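Some notes on the structure that comes next.
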Amino acid sequence: MAKRKIRVMVAKPGLDGHDRGARVLARCFRDAGFEVIYTGCHQTPAMIAASAIQEDVDLVGLSCLSGAHRYLFPQVVSLLKEKGADDITVIGGGIIPQQDFQKLYDAGIKAIFVPGTTLDTIVNWVNSNVKPVERK
Amino acid sequence: MYFAKEVLSQSSELRKKWEDEVRRVVSKVPDQKPRWSTVSDLEIRRLYGPDDIKDMDFVRDIGYPGQFPYLRGNQATGYRGRFWTFRMFSGMGSAAETNKRWHMLLKEGQTGLSTAFDFPTLMGYDTDSPKARGECGKCGVAIDTLEDFMQLVDGIPMDEITTSMTINPPATVLWAMYCAAAQIKGIPLTKIGGTIQNDMLKEFIAQKTLMCPPEPSVRLVSDTVEFGTKYVPRWNTISISGYHIREAGSTAVQELAFTLRDGMEYVEDVINRKGLNVDEFAPRLSFFFNSHVDFFEEICKMRAARRIWAKVMRDRYKAKDQRSWWMRFHTQTAGCSLTAQQPYNNVVRTATQALAAVLGGTQSLHTNSLDEVMCLPSDHAVQIALRTQQIIAEETGAANTIDPLAGSYFVEALTNEMEEQTWDYINKIDEMGGMVAAIEKGFPQLEIADAAYKFQRQIDSCEKIMVGVNKYVTEEEIPIPLLEIDDKVEEDQIARLSAVRRKRDNKAVKKSLDDIKNACKKGENVMPSCIEAVKNLASVQEICDVYREIYGEYRDPGLY
């Protein structure tokens with residue numbers, strides 16, 4: 001059986017409309033050979049968690065540039081956990097001040113990428129940290 | 001431009017000599033790269049000369065300031081009568097905090113105000129909405145009701161200072177609050193001046209503060225244009241914006257083309273829906289551009305913008321009043337050009353971008369603060385940004401003479417080239433049936449996505465350089481103080497809002513919301529009932545919920 005491709009969801013939680021990074025990343029993931037779902041802007045954490053489970057993704061990449069990441073990112077992780085989907089890796093990016101990193105890691109965000117990161121860095125991280133899960 | 005035959009033949013002779021010399025030198029010292037281009041990847045030649053502008057007609061294409069085609073500016077006197085407006089975009093936390101920042105800016109010599117709202121306000125939600133959790137006051141000021149707004153404009157002379165408000169889907173509501181606040185202070189609507197951004201088309205294309213679908217969104221825009229034309233004559237009811245298109249990753253030409261085509265869409269809607277004569281409202285249309293990091297490309301973009309708009313208004317819409325032909329615009333330096341790495345470098349980037357805007361002839365300018373790539377700007381960072389404009393105005397001599405780069409072989413040739421490429425886009429969008437149709441097809445969105453992706457790849461491969469990011473990188477970063485918005489702002493704002501809800505006359509609120517609903521259903525202008533509703537302390541979301549109910553809600557299709 002051929003190895004399943006990594007399935008990723010790029011998601012924009014909250015009311016923030018700065019979607020340049022999210023859309024560039026969605027394209028880059030597609031070019032890297034992943035299966036990509038992009039949610040578009042203005043998703044609630046509950047919507048993101050529900051579609052991540054429904055779409056059976058391996059990774060959720062959250063992007064937020066409004067400053068609301070401190071509330072929104074941990075919320076997505078805990079909703080996934082609540083629904084027994086804590087095998088889905090969650091990473092984040094956007095305008096995230098250094099002093100917030102530890103809190104986000106503690107909340108279960110596996111990696112944070114801020115402006116200046118190359119696309120290849122992110123793709124390499126995904127390839128070495130995310131394995132397609134065979135689910136029943 | 002006309003050159004005597006002898007000049008052209010002398011030029012071509014000298015050019016051959018120069019080309020020989022270039023070949024000789026390049027064979028020994030090769031160029032650093034094979035292709036040189038602007039930040040938008042528009043290819044630039046090594047040298048420009050008479051040949052590059054020989055087809056220009058002085059009267060038709062260049063002319064004088066204050067004369068068609070306004071390439072050289074709208075005002076005959078340039079900046080000598082007054083400088084551009086120093087207008088710093090600001091808003092953070094509560095209305096009281098923002099009001100404090102405004103007073104500080106006015107004390108420091110700012111000449112106009114500009115309001116940044118937080119995301120719930122921008123999207124038409126109240127602070128206590130579940131969708132607004134975590135966002136209150138984070139990237140602008142939180143406004144729920146007129147009570148907040150009165151605090152925002154406390155002590156501001158509304159008949160002297162013009163105020164710009166970056167607000168789009170709920171533009172009718174926030175403008176109604178401004179009008180109501182003026183009336184409460186005893187200032188007639190004919191005396192207030194300012195701008196609401198109120199450009200919904202670019203929201204679908206780029207900025208993504210969304211509420212209703214494109215067609216009814218444009219209808220609300222036309223309501224404000226009509227109301228302003230009749231009752232608030234000093235107000236700019238739309239600021240047709242390229243800024244956000246550029247920040248979303250477009251090229252300079254795309255910014256120019258999509259913005260101007262958006263403007264044309266509004267002109268057509270107001271003429272068709274409201275039956276106004278073009279000259280009744282066109283003089284109050286204003287524009288808003290980005291000043292990005294590629295110095296000459298930006299200057300040429302602004303010059304081309306004036307010339308194209310003048311042609312569009314005169315030839316396509318048959319406007320007769322020369323004020324309808326003028327393109328007046330505000331400029332903001334490019335947020336997306338700033339870097340979190342080595343943030344003090346941002347002062348230099350902003351200064352050159354501001355200089356380009358002045359050489360391009362802007363009427364109003366915001367300069368970004370060095371920390372804006374990380375957070376809302378601190379007092380100190382804002383002061384440096386404002387001083388940057390004041391140094392350009394008072395010290396550099398850039399404002400001494402009008403359009404000082406006119407006649408440069410390069411500047412005129414690049415201006416022409418950008419204009420031609422803009423017309424190609426405008427024609428293409430016309431063929432699609434206009435901008436609303438093009439947006440529904442995803443055309444401008446995907447053109448921008450292509451450009452943004454290409455640029456990111458060019459950065460990753462070091463084909464384009466961002467200093468401190470992919471070249472001249474330092475290991476040790478010097479930290480700068482960051483402004484943080486306390487999460488307590490949200491609690492306090494929710495408490496304020498519920499206090500307003502308790503004390504107001506809820507029957508009056510319901511009646512005025514019904515009036516708005518009826519106006520929407522009958523296709524009447526919503527502005528009079530909006531002003532009534534905000535005076536009765538209806539909230540931003542309560543009014544926007546009416547729009548959502550009647551016109552439907554629009555969801556971002558997530559194109560990439």
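The way I read the labels, and the way they are meant: chains A, B, ... in the order of the structure tokens, residue 1 as the first residue of every chain, and ligand 1 as the first ligand shown, with later ones counted on from there.
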
Can I get the residues of chain A within 10 Å of chain B, each with the closest pair of atoms and their distance in Å to one decimal, using only C-alpha atoms, sorted chain first then ascending number, as CSV?
```
residue,atom,partner,partner_atom,distance
A:Ala11,CA,B:Gly558,CA,9.6
A:Lys12,CA,B:Gly558,CA,9.7
A:Pro13,CA,B:Lys131,CA,9.8
A:Gly14,CA,B:Lys131,CA,6.9
A:Leu15,CA,B:Phe119,CA,5.9
A:Asp16,CA,B:Phe119,CA,6.7
A:Gly17,CA,B:Lys208,CA,4.8
A:His18,CA,B:Gln207,CA,6.6
A:Asp19,CA,B:Ala248,CA,7.4
A:Arg20,CA,B:Ala248,CA,5.2
A:Gly21,CA,B:Ala248,CA,8.7
A:Ala22,CA,B:Tyr560,CA,8.7
A:Arg23,CA,B:Tyr560,CA,5.1
A:Val24,CA,B:Tyr453,CA,5.4
A:Leu25,CA,B:Tyr453,CA,8.5
A:Ala26,CA,B:Tyr560,CA,6.9
A:Arg27,CA,B:Tyr560,CA,6.6
A:Cys28,CA,B:Tyr453,CA,8.1
A:Ile37,CA,B:Gly558,CA,9.4
A:Tyr38,CA,B:Gly558,CA,6.2
A:Thr39,CA,B:Gly558,CA,5.9
A:Gly40,CA,B:Gly558,CA,3.7
A:Cys41,CA,B:Asp556,CA,5.9
A:His42,CA,B:Asp556,CA,7.7
A:Gln43,CA,B:Lys131,CA,8.9
A:Thr44,CA,B:Lys131,CA,6.8
A:Pro45,CA,B:Lys131,CA,9.6
A:Leu65,CA,B:Met374,CA,9.1
A:Ser66,CA,B:Cys139,CA,6.1
A:Gly67,CA,B:Lys138,CA,5.9
A:Ala68,CA,B:Gly134,CA,5.0
A:His69,CA,B:Gly134,CA,7.9
A:Arg70,CA,B:Gly134,CA,7.5
A:Tyr71,CA,B:Gly134,CA,5.6
A:Leu72,CA,B:Gly134,CA,7.3
A:Gly94,CA,B:Met374,CA,9.6
A:Ile95,CA,B:Met374,CA,6.0
A:Ile96,CA,B:Met374,CA,7.5
A:Pro97,CA,B:Met374,CA,6.8
A:Gln98,CA,B:Met374,CA,9.8
A:Val114,CA,B:Ala340,CA,9.0
A:Pro115,CA,B:Ala340,CA,7.3
A:Gly116,CA,B:Val469,CA,5.6
A:Thr117,CA,B:Val469,CA,8.5
A:Thr118,CA,B:Asp460,CA,5.6
A:Leu119,CA,B:Asp460,CA,7.2
A:Asp120,CA,B:Asp460,CA,8.1
A:Thr121,CA,B:Asp460,CA,9.8
```

Output as a PyMOL selection string all residues of range 220-264 of chain B that backbone DSSP marks as strand (DSSP E). chain B and resi 235-236+238-241

Rounded to one decimal, what separation in Å do you get between CA of Ala52 in chain A and CA of Asn124 in chain A? 21.5 Å

Range 67-75 of chain B environment, 7 Å, only C-alpha atoms, sequence neighbours closer than 3 positions dropped, as a list in words: Asp61, Ile62, Gly63, Tyr64, Gly78, Arg303, Ala304, Arg306, Arg307, Ala310, Lys311, Trp326, Gly361 and Asp403 of chain B

Expected file contents, prior selection, C-alpha atoms, as a CSV table (one decimal), in the first residue's frame:
```csv
chain,number,residue,atom,x,y,z
B,61,ASP,CA,1.0,63.5,-21.1
B,62,ILE,CA,2.8,65.9,-18.8
B,63,GLY,CA,1.5,69.5,-18.6
B,64,TYR,CA,1.5,71.6,-15.5
B,78,GLY,CA,2.3,72.3,-4.6
B,303,ARG,CA,2.1,60.0,-10.7
B,304,ALA,CA,0.4,57.4,-13.0
B,306,ARG,CA,-3.4,60.8,-11.0
B,307,ARG,CA,-3.1,60.7,-14.8
B,310,ALA,CA,-8.2,62.2,-14.7
B,311,LYS,CA,-8.6,60.4,-18.0
B,326,TRP,CA,-8.4,65.2,-9.3
B,361,GLY,CA,2.7,64.2,-4.3
B,403,ASP,CA,7.0,67.1,-8.8
```

Write out as a ChimeraX atom specification all residues of range 2-119 of chain A that DSSP puts in helix (DSSP H, G or I) for this structure's backbone. /A:20-31,45-54,69-82,98-106,119

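With only C-alpha atoms taken into account, the protein and nucleic acid residues at most 10 Å from Phe73 in chain A (excluding it and anything under 4 positions from it in its own chain) are A:Pro13, A:Gly14, A:Pro45, A:Gly61, A:Leu62, A:Ser63, A:Cys64, A:Ala68, A:His69, A:Val77, A:Ser78, A:Val90, A:Ile91, A:Gly92, A:Gly93, A:Leu104, A:Ala107, A:Gly108, A:Ile109.
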
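Take CA of Ser40 in chain B and CA of Ala334 in chain B: the distance between them is 13.2 Å.
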
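CA of Ser241 in chain B lies 26.0 Å from CA of Ala180 in chain B.
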
Would you list the contacts of range 299-301 of chain B as a VMD selection string, taking every protein, DNA or RNA residue within 7 Å and counting only C-alpha atoms, but skipping same-chain residues closer than 4 positions in sequence? chain B and resid 252 256 295 305 356 to 357 359 to 360 411 414 to 415 418

Could those selected residues go to a file with N, CA and C atoms, as a PDB file, in the first residue's frame?
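The result, stored in selection.pdb:
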```pdb
ATOM      1  N   ALA B 252       2.983  46.557  -7.502  1.00  0.00           N
ATOM      2  CA  ALA B 252       2.575  47.967  -7.542  1.00  0.00           C
ATOM      3  C   ALA B 252       1.520  48.199  -8.627  1.00  0.00           C
ATOM      4  N   LEU B 256      -2.368  49.535  -8.218  1.00  0.00           N
ATOM      5  CA  LEU B 256      -2.894  50.661  -8.988  1.00  0.00           C
ATOM      6  C   LEU B 256      -4.155  50.247  -9.761  1.00  0.00           C
ATOM      7  N   PHE B 295      11.775  52.725  -4.270  1.00  0.00           N
ATOM      8  CA  PHE B 295      11.613  54.173  -4.273  1.00  0.00           C
ATOM      9  C   PHE B 295      10.956  54.717  -5.545  1.00  0.00           C
ATOM     10  N   ALA B 305      -1.195  57.211 -11.214  1.00  0.00           N
ATOM     11  CA  ALA B 305      -2.545  57.146 -10.648  1.00  0.00           C
ATOM     12  C   ALA B 305      -3.322  58.421 -10.961  1.00  0.00           C
ATOM     13  N   ALA B 356       9.367  59.015  -0.786  1.00  0.00           N
ATOM     14  CA  ALA B 356       8.766  58.649  -2.076  1.00  0.00           C
ATOM     15  C   ALA B 356       7.338  59.173  -2.159  1.00  0.00           C
ATOM     16  N   ALA B 357       6.588  59.050  -1.070  1.00  0.00           N
ATOM     17  CA  ALA B 357       5.193  59.516  -1.076  1.00  0.00           C
ATOM     18  C   ALA B 357       5.128  61.021  -1.301  1.00  0.00           C
ATOM     19  N   LEU B 359       7.461  62.858  -2.836  1.00  0.00           N
ATOM     20  CA  LEU B 359       7.859  63.124  -4.223  1.00  0.00           C
ATOM     21  C   LEU B 359       6.762  62.681  -5.192  1.00  0.00           C
ATOM     22  N   GLY B 360       5.929  61.741  -4.762  1.00  0.00           N
ATOM     23  CA  GLY B 360       4.786  61.320  -5.575  1.00  0.00           C
ATOM     24  C   GLY B 360       3.603  62.266  -5.426  1.00  0.00           C
ATOM     25  N   VAL B 411      12.011  58.160 -14.849  1.00  0.00           N
ATOM     26  CA  VAL B 411      10.745  58.318 -14.123  1.00  0.00           C
ATOM     27  C   VAL B 411       9.574  58.412 -15.098  1.00  0.00           C
ATOM     28  N   LEU B 414       9.032  54.869 -16.703  1.00  0.00           N
ATOM     29  CA  LEU B 414       8.428  53.901 -15.786  1.00  0.00           C
ATOM     30  C   LEU B 414       6.972  54.275 -15.485  1.00  0.00           C
ATOM     31  N   THR B 415       6.704  55.571 -15.355  1.00  0.00           N
ATOM     32  CA  THR B 415       5.323  56.017 -15.149  1.00  0.00           C
ATOM     33  C   THR B 415       4.448  55.540 -16.315  1.00  0.00           C
ATOM     34  N   MET B 418       3.919  51.687 -16.235  1.00  0.00           N
ATOM     35  CA  MET B 418       2.970  51.255 -15.206  1.00  0.00           C
ATOM     36  C   MET B 418       1.541  51.631 -15.603  1.00  0.00           C
TER      37      MET B 418
END
```

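Residue nearest Arg30 in chain A, chosen from A:Val60, A:Ala111, A:Val123, A:Ile53 and counting only C-alpha atoms: A:Val123.
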
All residues 8 Å or closer to range 506-519 of chain B, only C-alpha atoms, same chain fewer than 6 positions away omitted, as a ChimeraX atom specification: /B:525-526,529-530,532-533,536-538,542-543,546-547,550

Keeping only N, CA and C atoms, write the selected residues as an mmCIF file, in the first residue's frame.
```cif
data_model
loop_
_atom_site.group_PDB
_atom_site.id
_atom_site.type_symbol
_atom_site.label_atom_id
_atom_site.label_comp_id
_atom_site.auth_asym_id
_atom_site.auth_seq_id
_atom_site.Cartn_x
_atom_site.Cartn_y
_atom_site.Cartn_z
ATOM 1 N N ASN B 525 -32.169 55.271 1.892
ATOM 2 C CA ASN B 525 -30.878 55.530 2.517
ATOM 3 C C ASN B 525 -30.926 55.209 4.017
ATOM 4 N N VAL B 526 -29.963 54.409 4.487
ATOM 5 C CA VAL B 526 -29.995 53.980 5.893
ATOM 6 C C VAL B 526 -29.417 55.018 6.853
ATOM 7 N N SER B 529 -31.655 56.848 9.724
ATOM 8 C CA SER B 529 -32.067 55.977 10.825
ATOM 9 C C SER B 529 -30.869 55.441 11.606
ATOM 10 N N CYS B 530 -29.713 55.344 10.968
ATOM 11 C CA CYS B 530 -28.498 54.937 11.699
ATOM 12 C C CYS B 530 -28.122 55.983 12.744
ATOM 13 N N GLU B 532 -30.075 58.098 14.194
ATOM 14 C CA GLU B 532 -31.076 57.990 15.246
ATOM 15 C C GLU B 532 -30.754 56.807 16.171
ATOM 16 N N ALA B 533 -30.436 55.675 15.567
ATOM 17 C CA ALA B 533 -30.176 54.452 16.342
ATOM 18 C C ALA B 533 -28.969 54.622 17.271
ATOM 19 N N ASN B 536 -29.742 56.607 20.243
ATOM 20 C CA ASN B 536 -30.484 55.807 21.221
ATOM 21 C C ASN B 536 -29.606 54.733 21.863
ATOM 22 N N LEU B 537 -28.318 54.772 21.562
ATOM 23 C CA LEU B 537 -27.320 53.850 22.125
ATOM 24 C C LEU B 537 -27.451 52.416 21.622
ATOM 25 N N ALA B 538 -27.951 52.249 20.404
ATOM 26 C CA ALA B 538 -27.854 50.934 19.762
ATOM 27 C C ALA B 538 -26.374 50.647 19.554
ATOM 28 N N GLU B 542 -25.608 45.415 17.017
ATOM 29 C CA GLU B 542 -27.073 45.387 16.852
ATOM 30 C C GLU B 542 -27.462 45.923 15.471
ATOM 31 N N ILE B 543 -26.774 46.977 15.052
ATOM 32 C CA ILE B 543 -27.084 47.533 13.726
ATOM 33 C C ILE B 543 -26.566 46.599 12.625
ATOM 34 N N VAL B 546 -28.694 43.704 11.777
ATOM 35 C CA VAL B 546 -29.796 44.020 10.857
ATOM 36 C C VAL B 546 -29.332 43.830 9.415
ATOM 37 N N TYR B 547 -28.158 44.365 9.108
ATOM 38 C CA TYR B 547 -27.631 44.212 7.742
ATOM 39 C C TYR B 547 -27.450 42.728 7.398
ATOM 40 N N ILE B 550 -30.855 41.127 6.700
ATOM 41 C CA ILE B 550 -31.527 41.523 5.460
ATOM 42 C C ILE B 550 -30.708 41.131 4.223
#
```

Would you pick out the contacts of Ser114 in chain B at 7 Å or less, using only C-alpha atoms, so that residues sharing its chain but fewer than 5 positions from it are not included, and give the list as an mmCIF file with C-alpha atoms, in the first residue's frame?
```cif
data_model
loop_
_atom_site.group_PDB
_atom_site.id
_atom_site.type_symbol
_atom_site.label_atom_id
_atom_site.label_comp_id
_atom_site.auth_asym_id
_atom_site.auth_seq_id
_atom_site.Cartn_x
_atom_site.Cartn_y
_atom_site.Cartn_z
ATOM 1 C CA ARG B 87 -1.952 61.919 9.871
ATOM 2 C CA MET B 88 -0.859 59.079 12.143
ATOM 3 C CA PHE B 89 -3.137 56.049 12.291
ATOM 4 C CA SER B 90 -3.775 55.258 15.925
ATOM 5 C CA THR B 163 -10.615 62.712 11.276
ATOM 6 C CA SER B 164 -10.169 59.625 9.210
ATOM 7 C CA MET B 165 -11.729 56.339 10.275
#
```

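Closest approach to Pro377 in chain B among B:Leu483, B:Ala142, B:Lys185, B:Asp154: B:Leu483, based on only C-alpha atoms.
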
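When only C-alpha atoms are used to measure the gap to Asp199 in chain B, the shortest distance among B:Thr229, B:Gln10, B:Thr145, B:Thr259 belongs to B:Thr259.
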